[in-house]
Amino acid sequence: MKVLLDIPDNESNEFLAIVSTFKNIKLEKLTETKAQIISELSESIRDVNLAIQGELKPKLAREILDEL
């Protein structure tokens with residue numbers, strides 16, 4: 001399983017010290033840019049799933065282009 005955690009800087013060292021004691025857990029620190037891209041992709045996927053379920057009205061391609 002892979003998870004993405006957003007931990008405040010002032011608490012990250014303590015958390016990483018605890019998690020690093022587990023032998024089967026690999027840690028990878030992300031750059032701010034990479035973390036932002038992953039977060040935006042996750043949000044987009046949630047929106048697509050909500051649109052598929054009919055809980056969110058999808059935007060037309062023209063509306064998306066107009067936003068750019």
# chains A, B, ... in the order shown; residues from 1 in each chain; ligands from 1

$ residues_around --residues "Pro58 of chain A" --least-positions-apart "6" --cutoff "10 Å" --atoms "only C-alpha atoms" --output "PDB file with N, CA and C atoms, in the first residue's frame"
ATOM      1  N   ASP A  47     -12.412  14.193  -8.569  1.00  0.00           N
ATOM      2  CA  ASP A  47     -13.440  14.883  -9.348  1.00  0.00           C
ATOM      3  C   ASP A  47     -14.011  13.988 -10.447  1.00  0.00           C
ATOM      4  N   VAL A  48     -13.124  13.245 -11.118  1.00  0.00           N
ATOM      5  CA  VAL A  48     -13.590  12.335 -12.177  1.00  0.00           C
ATOM      6  C   VAL A  48     -14.494  11.257 -11.578  1.00  0.00           C
ATOM      7  N   LEU A  50     -16.298  11.461  -8.855  1.00  0.00           N
ATOM      8  CA  LEU A  50     -17.569  12.088  -8.482  1.00  0.00           C
ATOM      9  C   LEU A  50     -18.439  12.332  -9.708  1.00  0.00           C
ATOM     10  N   ALA A  51     -17.827  12.720 -10.823  1.00  0.00           N
ATOM     11  CA  ALA A  51     -18.584  12.931 -12.060  1.00  0.00           C
ATOM     12  C   ALA A  51     -19.174  11.625 -12.563  1.00  0.00           C
ATOM     13  N   ILE A  52     -18.408  10.553 -12.471  1.00  0.00           N
ATOM     14  CA  ILE A  52     -18.896   9.233 -12.898  1.00  0.00           C
ATOM     15  C   ILE A  52     -20.080   8.812 -12.036  1.00  0.00           C
TER      16      ILE A  52
END

$ residues_around --residues "Glu28 of chain A" --least-positions-apart "5" --cutoff "12 Å" --atoms "only C-alpha atoms" --output "number ranges by chain"
A: 2-5, 16, 19-20, 34-35

$ closest_residue --among "A:Arg62, A:Ser12, A:Ile7, A:Leu56" --to "Ser44 of chain A" --atoms "only C-alpha atoms"
A:Leu56

$ select_by_dssp --residues "chain A" --states "alpha helix (DSSP H)" --output "ChimeraX atom specification"
/A:9-19,32-52,61-67

$ atom_distance --atom1 "atom CA of Glu63 of chain A" --atom2 "atom CA of Thr33 of chain A"
26.5 Å

$ decode --residues "segment 32-53 of chain A" --atoms "N, CA and C atoms" --output "tab-separated table (two decimals), in the first residue's frame"
chain	number	residue	atom	x	y	z
A	32	GLU	N	8.68	19.86	-2.87
A	32	GLU	CA	7.40	20.59	-2.79
A	32	GLU	C	6.66	20.52	-4.12
A	33	THR	N	7.40	20.63	-5.22
A	33	THR	CA	6.79	20.58	-6.55
A	33	THR	C	6.16	19.22	-6.82
A	34	LYS	N	6.89	18.17	-6.51
A	34	LYS	CA	6.37	16.82	-6.74
A	34	LYS	C	5.15	16.55	-5.86
A	35	ALA	N	5.19	17.00	-4.61
A	35	ALA	CA	4.05	16.82	-3.72
A	35	ALA	C	2.83	17.57	-4.23
A	36	GLN	N	3.03	18.77	-4.78
A	36	GLN	CA	1.92	19.55	-5.31
A	36	GLN	C	1.31	18.87	-6.53
A	37	ILE	N	2.14	18.34	-7.40
A	37	ILE	CA	1.65	17.64	-8.59
A	37	ILE	C	0.83	16.42	-8.18
A	38	ILE	N	1.32	15.65	-7.24
A	38	ILE	CA	0.59	14.46	-6.77
A	38	ILE	C	-0.73	14.86	-6.15
A	39	SER	N	-0.72	15.92	-5.36
A	39	SER	CA	-1.95	16.40	-4.72
A	39	SER	C	-2.98	16.83	-5.76
A	40	GLU	N	-2.54	17.56	-6.78
A	40	GLU	CA	-3.45	18.02	-7.83
A	40	GLU	C	-3.99	16.86	-8.64
A	41	LEU	N	-3.15	15.87	-8.92
A	41	LEU	CA	-3.63	14.68	-9.64
A	41	LEU	C	-4.66	13.92	-8.81
A	42	SER	N	-4.42	13.80	-7.51
A	42	SER	CA	-5.38	13.12	-6.63
A	42	SER	C	-6.72	13.83	-6.64
A	43	GLU	N	-6.68	15.16	-6.59
A	43	GLU	CA	-7.92	15.94	-6.61
A	43	GLU	C	-8.65	15.75	-7.93
A	44	SER	N	-7.91	15.72	-9.03
A	44	SER	CA	-8.53	15.50	-10.34
A	44	SER	C	-9.19	14.14	-10.43
A	45	ILE	N	-8.52	13.13	-9.90
A	45	ILE	CA	-9.09	11.78	-9.91
A	45	ILE	C	-10.37	11.72	-9.08
A	46	ARG	N	-10.36	12.39	-7.91
A	46	ARG	CA	-11.57	12.44	-7.08
A	46	ARG	C	-12.71	13.10	-7.85
A	47	ASP	N	-12.41	14.19	-8.57
A	47	ASP	CA	-13.44	14.88	-9.35
A	47	ASP	C	-14.01	13.99	-10.45
A	48	VAL	N	-13.12	13.24	-11.12
A	48	VAL	CA	-13.59	12.33	-12.18
A	48	VAL	C	-14.49	11.26	-11.58
A	49	ASN	N	-14.10	10.70	-10.45
A	49	ASN	CA	-14.93	9.67	-9.80
A	49	ASN	C	-16.28	10.24	-9.37
A	50	LEU	N	-16.30	11.46	-8.86
A	50	LEU	CA	-17.57	12.09	-8.48
A	50	LEU	C	-18.44	12.33	-9.71
A	51	ALA	N	-17.83	12.72	-10.82
A	51	ALA	CA	-18.58	12.93	-12.06
A	51	ALA	C	-19.17	11.62	-12.56
A	52	ILE	N	-18.41	10.55	-12.47
A	52	ILE	CA	-18.90	9.23	-12.90
A	52	ILE	C	-20.08	8.81	-12.04
A	53	GLN	N	-20.04	9.11	-10.75
A	53	GLN	CA	-21.11	8.75	-9.83
A	53	GLN	C	-22.31	9.70	-9.94
